[in-house]
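Q: I'd like to ask you about the structure that follows.
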4 protein chains.
Amino acid sequence: MVIHGGKVVTSGHTIQAWIGVKDGKIVALGSNESWPEAKQTINATGKYVLPGIVDPENHPCSPLDEGLRRETAVVIADGVTTAGMMSHSSRITVRDAKPLRAADVPTFAEVYPEFIKAGNQNSMVDFFLSPQMQTEEHAKEIPDLAERLGVTSFKLYLHLKSGEHVWDVWAAFMQSAGAFYYDDGMIYRAMKNIAALGPPAILCLHCENWEIARVLKEELVAQGRRDMAAWSDHSPAFCEAGHVRNYAYYAKVTGCPIYIQHTTTRETLAEIVKARAEGVKVTAQCAPHYLTVTKEKGWINTPLRSGEDFESLWEALRTGVINCIGSDYWWVRFTREEVAEQRKGTESPEFNVWTDPSPSFCGSAGFLLPVMLSEGVNKGRISLERLVEVCCENTARSFGLYPKKGAISIGSDADFVIVDLNKSKRLTPDMVHIGTGFSIFEGSELKGWPVMTILRGNVMVEWPEGAPGPKVVGQPIGQYLPRKPGHELYPLDQPQ
Amino acid sequence: MVIHGGKVVTSGHTIQAWIGVKDGKIVALGSNESWPEAKQTINATGKYVLPGIVDPENHPCSPLDEGLRRETAVVIADGVTTAGMMSHSSRITVRDAKPLRAADVPTFAEVYPEFIKAGNQNSMVDFFLSPQMQTEEHAKEIPDLAERLGVTSFKLYLHLKSGEHVWDVWAAFMQSAGAFYYDDGMIYRAMKNIAALGPPAILCLHCENWEIARVLKEELVAQGRRDMAAWSDHSPAFCEAGHVRNYAYYAKVTGCPIYIQHTTTRETLAEIVKARAEGVKVTAQCAPHYLTVTKEKGWINTPLRSGEDFESLWEALRTGVINCIGSDYWWVRFTREEVAEQRKGTESPEFNVWTDPSPSFCGSAGFLLPVMLSEGVNKGRISLERLVEVCCENTARSFGLYPKKGAISIGSDADFVIVDLNKSKRLTPDMVHIGTGFSIFEGSELKGWPVMTILRGNVMVEWPEGAPGPKVVGQPIGQYLPRKPGHELYPLDQPQ
Amino acid sequence: MVIHGGKVVTSGHTIQAWIGVKDGKIVALGSNESWPEAKQTINATGKYVLPGIVDPENHPCSPLDEGLRRETAVVIADGVTTAGMMSHSSRITVRDAKPLRAADVPTFAEVYPEFIKAGNQNSMVDFFLSPQMQTEEHAKEIPDLAERLGVTSFKLYLHLKSGEHVWDVWAAFMQSAGAFYYDDGMIYRAMKNIAALGPPAILCLHCENWEIARVLKEELVAQGRRDMAAWSDHSPAFCEAGHVRNYAYYAKVTGCPIYIQHTTTRETLAEIVKARAEGVKVTAQCAPHYLTVTKEKGWINTPLRSGEDFESLWEALRTGVINCIGSDYWWVRFTREEVAEQRKGTESPEFNVWTDPSPSFCGSAGFLLPVMLSEGVNKGRISLERLVEVCCENTARSFGLYPKKGAISIGSDADFVIVDLNKSKRLTPDMVHIGTGFSIFEGSELKGWPVMTILRGNVMVEWPEGAPGPKVVGQPIGQYLPRKPGHELYPLDQPQ
Amino acid sequence: MVIHGGKVVTSGHTIQAWIGVKDGKIVALGSNESWPEAKQTINATGKYVLPGIVDPENHPCSPLDEGLRRETAVVIADGVTTAGMMSHSSRITVRDAKPLRAADVPTFAEVYPEFIKAGNQNSMVDFFLSPQMQTEEHAKEIPDLAERLGVTSFKLYLHLKSGEHVWDVWAAFMQSAGAFYYDDGMIYRAMKNIAALGPPAILCLHCENWEIARVLKEELVAQGRRDMAAWSDHSPAFCEAGHVRNYAYYAKVTGCPIYIQHTTTRETLAEIVKARAEGVKVTAQCAPHYLTVTKEKGWINTPLRSGEDFESLWEALRTGVINCIGSDYWWVRFTREEVAEQRKGTESPEFNVWTDPSPSFCGSAGFLLPVMLSEGVNKGRISLERLVEVCCENTARSFGLYPKKGAISIGSDADFVIVDLNKSKRLTPDMVHIGTGFSIFEGSELKGWPVMTILRGNVMVEWPEGAPGPKVVGQPIGQYLPRKPGHELYPLDQPQ
């Protein structure tokens, strides 16, 4: 395969080049004057060729057969070719949601083989795994997961560490998900185990102090608040920043690199720069919805914010304080009809954010790239080169996959997303691949869209000129990506 | 009463003055040339007259009758005339130690009236109360305790906040003490309630992350460690400093003044100065044993340290980073025979710090003042004026009692301790008033001793020239000290 | 002398007491019920008795005979009984203002004896000396001045360190004042010498980067700015804070305590707290005019500010970030007629702040105390106890005079200012003792005034009920106050 | 030209690839299985192909004809293909060293055209210019130099800002170099002008407070110190770190990116991280000699250090606190015979570091790359990928030349250095191209050497297998590199 005529954006710069692909890998790059013949030639003239997006925050929710296929179709349609999948161990293979006892939460060693097998059969994107640890056993199995399964990234839902003490809203979900109590001792143990692995091992932290949010909610309820924005107000900036400050300290003590999953406020930015100045290795992620959508428009964890911090977040993304972008993809299990009903409900005077179901948990699912292109690049807030750093290279580096993923370079996987910066389209329900037909960005006029996605040399998605939207044309050829503990860079010259 | 001939140390300076006392209060001060006649004249020539010591950390352990009398006799013999008593609500009136259910932990409103009554009958020292809060209800009753009982200081045993998750060593004790789980939400609620009271309200924090200590202990046990020093090693500097960092943040958010109960390491000093630079009102306490006794000599919470930080702590005390000294007085319930047996045990090859009983929990009980005089003043580490600030004035200020207590000033209570800086004596078991006949300082040759203690004009303790030690000569005239919410300074001109 | 009936404010608290005075010292204090007879009895009922104000920033400008008497009469009328006098060596004994060569700047050892003699003859207040060092020789003579003359405080006019490079506006003045170039080497040498003296030695810093102000002025002139506020705009907050940051660093390196002479902005407050968190001993002074007067009302160095920071400064004064208050007293040499003319000029469209003479350099001369009482205490921004700390005790401590000065305590000098918190009066030109008849506070309605000032037992100033203002009734009995190097507290028991 | 068989290191990763070159640019990259035919084929099997080194700190010292050619021959032999040349304006075209008056220091606009012309005729490497500003005029001409000559980097010798006040050792040199007094106003003006240019404009700072060094030297001389190490001791860590702290503050105020030319101590590292945490854009450079040579071995400004900080500096280089490496190349004008004599002198008991001439000012001239390969990569302190970042990519980015320089990418200049990581050789005088035959690294056994250097497709230097050292085979084809103000990335698609 040869892709020619486009501008290739990689490694922080843009080149005028054609790309030669063989056996799923990039084998040649050349200046755009002439290019070799190939079985398949793609003309990218007037467009930009980016490495396939690496989205580190994808929460698979469906059964592992057709469900996984449907979910990952949405992912690939967004230009994402590599997804970091994050799950509770209990949600991976369990098909129903009946209550679980703490002692019955499985280890990841027990459930990951089945997940990997299913993914290798049904996923439309390559994937790696970041276990959402919830028990002391999860902290203990870290070395084993790294060695046997190539798992080097791990996650903590810090908001759920108090288990039943903060169940409140989602008691049923949390009990079935295995969200039981764990403590700083478990976290310390995890940090020490991760630090001992060496690069690229990293601990992802969802920072949000729900113990305090519990009390703030009580106050808001007492004030009669049940509007959408109350969701954000019950878990304000300091609940996020407080966790960052606290756990960055233990990261310093243990030497464990940490990854702040959601950087949504200036308070959090302040804690991140302070931690770095103390020598803590902190990587910071933001999501498109935290950069663009206000708290009156939906509810999700970490919550959407008031909009006052948007420009500070964009600046942090531009200057390197924020390093990565993730979608926080969730597949919401409601039907289109149910969601339509729910949305009507939000308009109702009876609406109650504390009890009504929310369709907005889908995060930036399906539209990470167009939002970043439209609101970021085309509005002059970040350069296209910076977009590639935060959506591809840095993410691949942070999770031990660079330069196999995240770069357009000789020997890298031939994963591309071809982008038309001038294509403009209003986001409408019919474009929304996700089952529920809802996106938090719905109604936005976005300029800048992916028009073709290629995974290891296979065209997976096309958006032909004139078509109403992207069309998934590929097969579920996604593969599990074990990482190489001890290798900061993915060693392309080792047997894969 | 007139005390003459001595050097009077108060308000950060020393004056040559006689003191006139009437009705338990100071009514006159004059230069030492001549003094009025009085019924009782005390010649303090060659000695220093200090305000009675204010010890903010006293844990009453005995029944509230003769037991309280015996305990406070030890206190007054140390030159302490005002004790801040800290208890679990469940330990105050409950005479036995049978297991308690979380729901049965009483409020302080329920138990304090009885305690105050008993104290007014049996205490040898004036006393105020700092509830050791353990439940959401305790955080909620703060405004009520302040208004009705004049309680303005509150305490959190942060090491016990995880309840049964860290019971381990002391399961029986903790269950009977009511040490059940509470969370950051409860702490946040307490901080907001305390902040709302205004000065002098303050939150005392025992900072020690036992969730992590739990894991470190597991590691030490696995290494075969069971020596005395292992107790310190399982709860190292960062467990203390980590809590300071974390809760200073929420103190900033809520505007709540905090009081670090035990400042034992340089790491903690660093967090305290950082918090102050951010505008948090942080008061820091140290104890004599943290300034002088190494971890091989005993075990207590917060643990003794290795000695490397001693000079840093003295410097911090001298320069104002540390503000107050407290004894962490505990009455250990063992008999002299039991303790003698235990101490033999510590020499045994079978000694196991994790399971053997410890007599060292008495803290600096009974010897706060001589240790500070000997190791501090007479060794040139702090001036006598600074000793009075950290042992009297600052403590009285921090807890809303200044200038009623903590000063030698017109209108202040006539509480004094007369000190002979040249008296030298080895601390021997026969001097130890505490029932068990054990002190962590035993065997030390100390120079500088209190030779007379006066409470509101009543001579309570005397150590006549030539006598082997101090003798308690007073009656239990101690009174409860309700404080005045909203008054940073204790308003002497209001009805008491 | 006995003063009775008043409330005595000292050492951070207020007592109901009478005060007995003998031989210029306080010899007795007693509760207000009864008091001894005395030759002179002063009834302070309904009023507050404060220690005499200690003003550390007084710039004597007149000849050392009647001129000094006139200047200090203004000082004592303000309730100030002790003045820290700061001068260039070249301005002390030189009566004319002819140009000076750098090499001819005298040492302080050469000029101080004459000044001290003159002061002992003509000063209405006790005084100590802080040399305004300008040459390498000044840095070198520090140990000698300390030993022989009891000088322990030293000052740097950092804005003038570039000498002729920043003369511009005041070339003639600066050349005659000896404001020639000196550098960080000289400053480093001074800091090391001061650090070596030990307490109470201290270096006062006028922080204001005039090298940058030079450029900003150029920009403002180019924009056509010549209004009063332009003076502040050409030396903005960062010029002050930048110097604090820079020289606090070298203070840390050398272990030299520093005293920030003018703390006028939030930026400076931020640098001060950061320096303290690094262990630098920083004392911070503010002046009444920086707390109350905006930049449109006058010009002075450091400049007046926009008013945005006023409440932050008051808060810093309340919470201890700012420690002291000084007046920055200057005797402006203009006549009343000249000043009247100048003030008309400021209304003129031709007014040019860069070239016109300024009467506002008098600082808070004469009205430090009423402004602090009115705007601080009576408006609830600071307590009267805090006023005494920042205007008396802390200043006396900072400059090595406590408790001889700054306290109402047995053995202290009998310096008092009796204050009527309810007296209200508009500040009019006829009240202004300073020769020019101008005050920056003119026209303000102030509530809270000193009604009597006593220096070592001598009534110096009275404001009888009904009189239009204070009347100086005392003689020039002021004495030079040599300090005691090596004594953090002034040793009252040593021969004076 | 085709280079094949090697491992290509670029953009933070290593690829197995051949490189195709045409018209001086890279036109193709391909996997190593097969490569096109070419006129010139270079077999790099077993070796690494790096982008040509970008050395930002080169001080041309010779006349601009043959002299420049000789100097740059040393540069290219080191694997450096792009040099940032830094000079005083007065040293550029002036051939003799007679004293200069301050007013006669030329602007760079006056002297640069001639320099550029000479460089285009005589330089063996491509070059860009960083003016060493010394006058107010230099600060003012910044916009003009940027627009007309593509100058976007500027430098301040902060140690010389005090002009004659610190001349002392080098009075003759400094007077002839135009090192006259300038001040913070000039620096502020420069910072504002640079900030206004936008990326990639940057201000390079030589941080070393010679005003203080002046005093410390006086102390050392008084102690009889005249050994080599005294040079470092008279300008210790705090003189460097103090400047960083101070000027980083004004960089924050003005928004000017700064580049710390010499990061040689932990104190400086601490200031850099603090400045970054405050949002200052700080780039930090180190030099090979600061990472490996102790102060007893030579003298240079900034001085060599004691060796205690070496591992901290390597760690900082590894983790990103330090971003770039530069050589601080100086051509010392002595002959080989003179230098031999000088070196004997350093062994003599009469040696006097304050007055004897120093040959060590050559910095890392000629051996930047082998030292970094040997001491860095082959000793496991940094990866080869990191070496390329700090020696090529980051430097090119910092100075506005990336990706034209600093990358092996389509469209980039065909500048390469081929490296044999296994070649081991002791550095002997006969290898030293620099005229004086002296290197500070002399005698070191180094492993890892450049064996071929290529500039825009022209082989400039070869070190054939078996030859005793590198041989310069190319012609002086070096070109001046104007940069593109406003372009953070060098715009390859614009007319060059």
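Residue names in the structure tokens use chain letters A, B, ... in the order shown, residue numbers from 1 in each chain, and ligand numbers from 1 in the order shown.
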Quick one: everything within 6 Å of region 308-323 of chain C, counting only C-alpha atoms, minus sequence neighbours fewer than 2 positions away in the same chain. Send it as JSON, numbers by chain.
A: {"C": [265, 284, 285, 291, 306, 382, 390]}
Q: Excluding same-chain residues fewer than 2 positions from region 49-63 of chain A, what lies within 6 Å of it counting only C-alpha atoms, as a list of chain:residue names?
A: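 Answer for this query is A:Lys7, A:Val8, A:Val9, A:Asp65, A:Gly67, A:Leu68, A:Gly79, A:Val80, A:Thr81, A:Thr82, A:Ala83, A:Gly84, A:Met85, A:Met86, A:Gly326, A:Ser327, A:Asp328, A:Tyr329, A:Trp330, A:Trp331, A:Cys391, A:Cys392, A:Gly406, A:Ala407, A:Ile408, A:Asp415, A:Phe416, A:Val417, A:Ile418.
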Q: Restrict the selected residues to N, CA, C and O atoms and save them as a compact mmCIF listing (two decimals), in the first residue's frame.
A:
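What follows is the written file again.txt:
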# COMPACT_ATOMS: atom_id res chain seq x y z
N LYS A 7 0.12 15.47 3.64
CA LYS A 7 1.11 15.97 4.59
C LYS A 7 1.10 15.03 5.78
O LYS A 7 0.03 14.77 6.36
N VAL A 8 2.26 14.54 6.10
CA VAL A 8 2.38 13.54 7.16
C VAL A 8 2.80 14.22 8.45
O VAL A 8 3.82 14.92 8.48
N VAL A 9 2.01 14.05 9.49
CA VAL A 9 2.30 14.69 10.76
C VAL A 9 2.75 13.63 11.76
O VAL A 9 2.00 12.69 12.05
N ASP A 65 -18.63 -10.62 22.60
CA ASP A 65 -18.75 -11.14 21.23
C ASP A 65 -19.13 -10.01 20.29
O ASP A 65 -18.33 -9.15 19.98
N GLY A 67 -21.01 -7.64 20.90
CA GLY A 67 -21.00 -6.39 21.65
C GLY A 67 -19.67 -5.70 21.53
O GLY A 67 -19.59 -4.49 21.25
N LEU A 68 -18.61 -6.42 21.72
CA LEU A 68 -17.29 -5.83 21.63
C LEU A 68 -17.05 -5.31 20.21
O LEU A 68 -16.46 -4.26 20.00
N GLY A 79 -11.19 7.32 14.26
CA GLY A 79 -9.78 7.48 13.94
C GLY A 79 -8.87 6.81 14.94
O GLY A 79 -7.64 6.89 14.84
N VAL A 80 -9.45 6.17 15.94
CA VAL A 80 -8.66 5.48 16.97
C VAL A 80 -8.30 4.08 16.46
O VAL A 80 -9.18 3.32 16.09
N THR A 81 -7.01 3.76 16.45
CA THR A 81 -6.60 2.43 16.03
C THR A 81 -6.09 1.59 17.20
O THR A 81 -5.94 0.38 17.07
N THR A 82 -5.80 2.25 18.31
CA THR A 82 -5.33 1.53 19.50
C THR A 82 -6.11 2.02 20.71
O THR A 82 -6.16 3.22 20.96
N ALA A 83 -6.69 1.07 21.43
CA ALA A 83 -7.48 1.46 22.60
C ALA A 83 -6.90 0.81 23.85
O ALA A 83 -6.61 -0.39 23.86
N GLY A 84 -6.73 1.63 24.88
CA GLY A 84 -6.37 1.09 26.18
C GLY A 84 -7.65 0.77 26.91
O GLY A 84 -8.43 1.68 27.21
N MET A 85 -7.89 -0.51 27.15
CA MET A 85 -9.18 -0.89 27.73
C MET A 85 -9.04 -1.05 29.24
O MET A 85 -8.13 -1.69 29.73
N MET A 86 -9.97 -0.40 29.92
CA MET A 86 -9.95 -0.35 31.37
C MET A 86 -11.23 -0.95 31.90
O MET A 86 -12.32 -0.50 31.54
N GLY A 326 -7.65 11.57 26.16
CA GLY A 326 -8.37 10.30 26.14
C GLY A 326 -9.86 10.56 26.05
O GLY A 326 -10.32 11.67 26.35
N SER A 327 -10.61 9.57 25.63
CA SER A 327 -12.03 9.82 25.37
C SER A 327 -12.92 9.50 26.57
O SER A 327 -14.03 9.99 26.66
N ASP A 328 -12.45 8.64 27.49
CA ASP A 328 -13.32 8.11 28.55
C ASP A 328 -14.57 7.46 27.95
O ASP A 328 -15.68 7.64 28.44
N TYR A 329 -14.31 6.70 26.91
CA TYR A 329 -15.38 6.00 26.20
C TYR A 329 -16.17 5.05 27.11
O TYR A 329 -15.59 4.21 27.78
N TRP A 330 -17.45 5.22 27.14
CA TRP A 330 -18.37 4.25 27.76
C TRP A 330 -19.46 3.91 26.77
O TRP A 330 -20.02 4.79 26.13
N TRP A 331 -19.79 2.67 26.70
CA TRP A 331 -20.93 2.24 25.91
C TRP A 331 -22.12 2.24 26.86
O TRP A 331 -22.18 1.46 27.80
N CYS A 391 -2.48 13.07 21.16
CA CYS A 391 -3.44 12.01 20.83
C CYS A 391 -2.76 10.73 20.37
O CYS A 391 -3.43 9.69 20.28
N CYS A 392 -1.50 10.80 20.03
CA CYS A 392 -0.83 9.62 19.47
C CYS A 392 0.49 9.34 20.18
O CYS A 392 0.61 8.38 20.94
N GLY A 406 1.77 5.27 17.49
CA GLY A 406 1.96 6.68 17.81
C GLY A 406 2.94 7.41 16.91
O GLY A 406 3.21 8.60 17.13
N ALA A 407 3.50 6.73 15.91
CA ALA A 407 4.45 7.39 15.02
C ALA A 407 4.27 6.90 13.59
O ALA A 407 3.82 5.78 13.36
N ILE A 408 4.61 7.75 12.66
CA ILE A 408 4.69 7.33 11.26
C ILE A 408 6.18 7.26 10.95
O ILE A 408 6.82 8.26 10.64
N ASP A 415 -0.67 2.20 11.00
CA ASP A 415 -1.95 2.71 11.50
C ASP A 415 -2.04 4.19 11.15
O ASP A 415 -1.18 4.97 11.57
N PHE A 416 -3.08 4.55 10.42
CA PHE A 416 -3.20 5.95 10.01
C PHE A 416 -4.63 6.43 10.16
O PHE A 416 -5.57 5.66 10.03
N VAL A 417 -4.73 7.73 10.38
CA VAL A 417 -6.03 8.35 10.18
C VAL A 417 -5.79 9.55 9.26
O VAL A 417 -4.90 10.36 9.50
N ILE A 418 -6.54 9.55 8.17
CA ILE A 418 -6.40 10.63 7.20
C ILE A 418 -7.48 11.67 7.50
O ILE A 418 -8.65 11.32 7.68
Q: Output as a list in words all residues of region 333-420 of chain B that backbone DSSP marks as alpha helix (DSSP H).
A: Arg336, Glu337, Glu338, Val339, Ala340, Glu341, Gln342, Arg343, Lys344, Gly345, Thr346, Glu347, Leu368, Leu369, Pro370, Val371, Leu384, Glu385, Arg386, Leu387, Val388, Asn394, Thr395, Ala396, Arg397 and Ser398 of chain B
Q: Quick one: write out the picked residues with N, CA, C and O atoms as a compact mmCIF listing (two decimals), in the first residue's frame?
A:
# COMPACT_ATOMS: atom_id res chain seq x y z
N ARG B 336 2.93 -1.99 88.88
CA ARG B 336 4.39 -1.92 88.88
C ARG B 336 4.99 -3.30 88.63
O ARG B 336 6.00 -3.43 87.94
N GLU B 337 4.35 -4.32 89.17
CA GLU B 337 4.89 -5.68 89.01
C GLU B 337 4.78 -6.12 87.54
O GLU B 337 5.70 -6.67 86.97
N GLU B 338 3.63 -5.82 86.97
CA GLU B 338 3.44 -6.19 85.56
C GLU B 338 4.46 -5.49 84.66
O GLU B 338 5.03 -6.08 83.75
N VAL B 339 4.66 -4.21 84.95
CA VAL B 339 5.59 -3.46 84.11
C VAL B 339 7.00 -3.99 84.28
O VAL B 339 7.75 -4.15 83.30
N ALA B 340 7.37 -4.29 85.50
CA ALA B 340 8.71 -4.85 85.73
C ALA B 340 8.87 -6.12 84.90
O ALA B 340 9.91 -6.34 84.24
N GLU B 341 7.85 -6.92 84.88
CA GLU B 341 7.88 -8.16 84.09
C GLU B 341 8.02 -7.86 82.59
O GLU B 341 8.81 -8.47 81.87
N GLN B 342 7.21 -6.88 82.14
CA GLN B 342 7.26 -6.49 80.72
C GLN B 342 8.65 -6.01 80.32
O GLN B 342 9.14 -6.32 79.24
N ARG B 343 9.26 -5.25 81.22
CA ARG B 343 10.57 -4.70 80.86
C ARG B 343 11.62 -5.79 80.79
O ARG B 343 12.50 -5.73 79.94
N LYS B 344 11.49 -6.78 81.65
CA LYS B 344 12.37 -7.94 81.48
C LYS B 344 12.14 -8.57 80.11
O LYS B 344 13.07 -8.95 79.42
N GLY B 345 10.84 -8.61 79.75
CA GLY B 345 10.50 -9.21 78.45
C GLY B 345 11.19 -8.51 77.29
O GLY B 345 11.58 -9.16 76.31
N THR B 346 11.36 -7.21 77.38
CA THR B 346 11.96 -6.51 76.24
C THR B 346 13.42 -6.89 76.04
O THR B 346 13.98 -6.70 74.97
N GLU B 347 14.02 -7.43 77.10
CA GLU B 347 15.41 -7.89 76.99
C GLU B 347 15.49 -9.30 76.42
O GLU B 347 16.55 -9.76 76.02
N LEU B 368 7.46 16.24 81.48
CA LEU B 368 7.55 17.23 80.39
C LEU B 368 8.49 18.36 80.78
O LEU B 368 9.42 18.70 80.04
N LEU B 369 8.25 18.96 81.92
CA LEU B 369 8.99 20.16 82.27
C LEU B 369 10.47 19.89 82.57
O LEU B 369 11.34 20.56 82.00
N PRO B 370 10.82 18.92 83.42
CA PRO B 370 12.25 18.72 83.67
C PRO B 370 13.02 18.34 82.40
O PRO B 370 14.18 18.75 82.25
N VAL B 371 12.40 17.57 81.50
CA VAL B 371 13.13 17.23 80.26
C VAL B 371 13.35 18.48 79.43
O VAL B 371 14.44 18.71 78.90
N LEU B 384 14.90 30.05 78.13
CA LEU B 384 13.81 29.85 79.07
C LEU B 384 12.57 30.63 78.62
O LEU B 384 11.43 30.17 78.78
N GLU B 385 12.79 31.78 77.99
CA GLU B 385 11.66 32.56 77.48
C GLU B 385 10.92 31.76 76.39
O GLU B 385 9.69 31.78 76.33
N ARG B 386 11.70 31.08 75.56
CA ARG B 386 11.05 30.29 74.52
C ARG B 386 10.32 29.09 75.13
O ARG B 386 9.22 28.75 74.69
N LEU B 387 10.89 28.51 76.17
CA LEU B 387 10.20 27.41 76.84
C LEU B 387 8.82 27.87 77.32
O LEU B 387 7.82 27.15 77.16
N VAL B 388 8.77 29.05 77.90
CA VAL B 388 7.48 29.55 78.39
C VAL B 388 6.52 29.79 77.24
O VAL B 388 5.32 29.53 77.35
N ASN B 394 1.84 29.90 74.06
CA ASN B 394 1.31 29.48 72.75
C ASN B 394 0.21 28.45 72.91
O ASN B 394 -0.78 28.46 72.16
N THR B 395 0.38 27.56 73.86
CA THR B 395 -0.62 26.53 74.06
C THR B 395 -1.91 27.16 74.54
O THR B 395 -3.00 26.84 74.06
N ALA B 396 -1.80 28.07 75.50
CA ALA B 396 -3.00 28.75 75.98
C ALA B 396 -3.67 29.53 74.85
O ALA B 396 -4.90 29.52 74.70
N ARG B 397 -2.85 30.18 74.03
CA ARG B 397 -3.43 30.91 72.88
C ARG B 397 -4.12 29.94 71.92
O ARG B 397 -5.23 30.20 71.45
N SER B 398 -3.45 28.84 71.59
CA SER B 398 -4.00 27.91 70.60
C SER B 398 -5.33 27.36 71.03
O SER B 398 -6.18 27.03 70.21
Q: So what do you get for CA of Asn120 (chain C) versus CA of Gln40 (chain C), distance-wise?
A: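 Taking CA of Asn120 (chain C) as the start and CA of Gln40 (chain C) as the end point, the length is 25.5 Å.
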Q: Output the contact residues of chain B with respect to chain A at a cut-off of 6 Å, based on only C-alpha atoms, as a list in words.
A: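 Result: Asp184, Gly185, Glu211, Ile212, Val215 and Asn246 of chain B.
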Q: What is the distance, in Å and to one decimal place, between CA of Asn193 (chain A) and CA of Ser235 (chain B)?
A: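 Between CA of Asn193 (chain A) and CA of Ser235 (chain B) the gap works out to 19.0 Å.
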Q: Could you name the residues that touch region 464-477 of chain B at 10 Å or less, counting only C-alpha atoms, but leaving out those on the same chain fewer than 5 positions away, as a VMD selection string?
A: chain B and resid 68 to 70 72 to 74 76 to 78 119 to 126 423 425 427 430 to 433 449 to 456 458 to 459
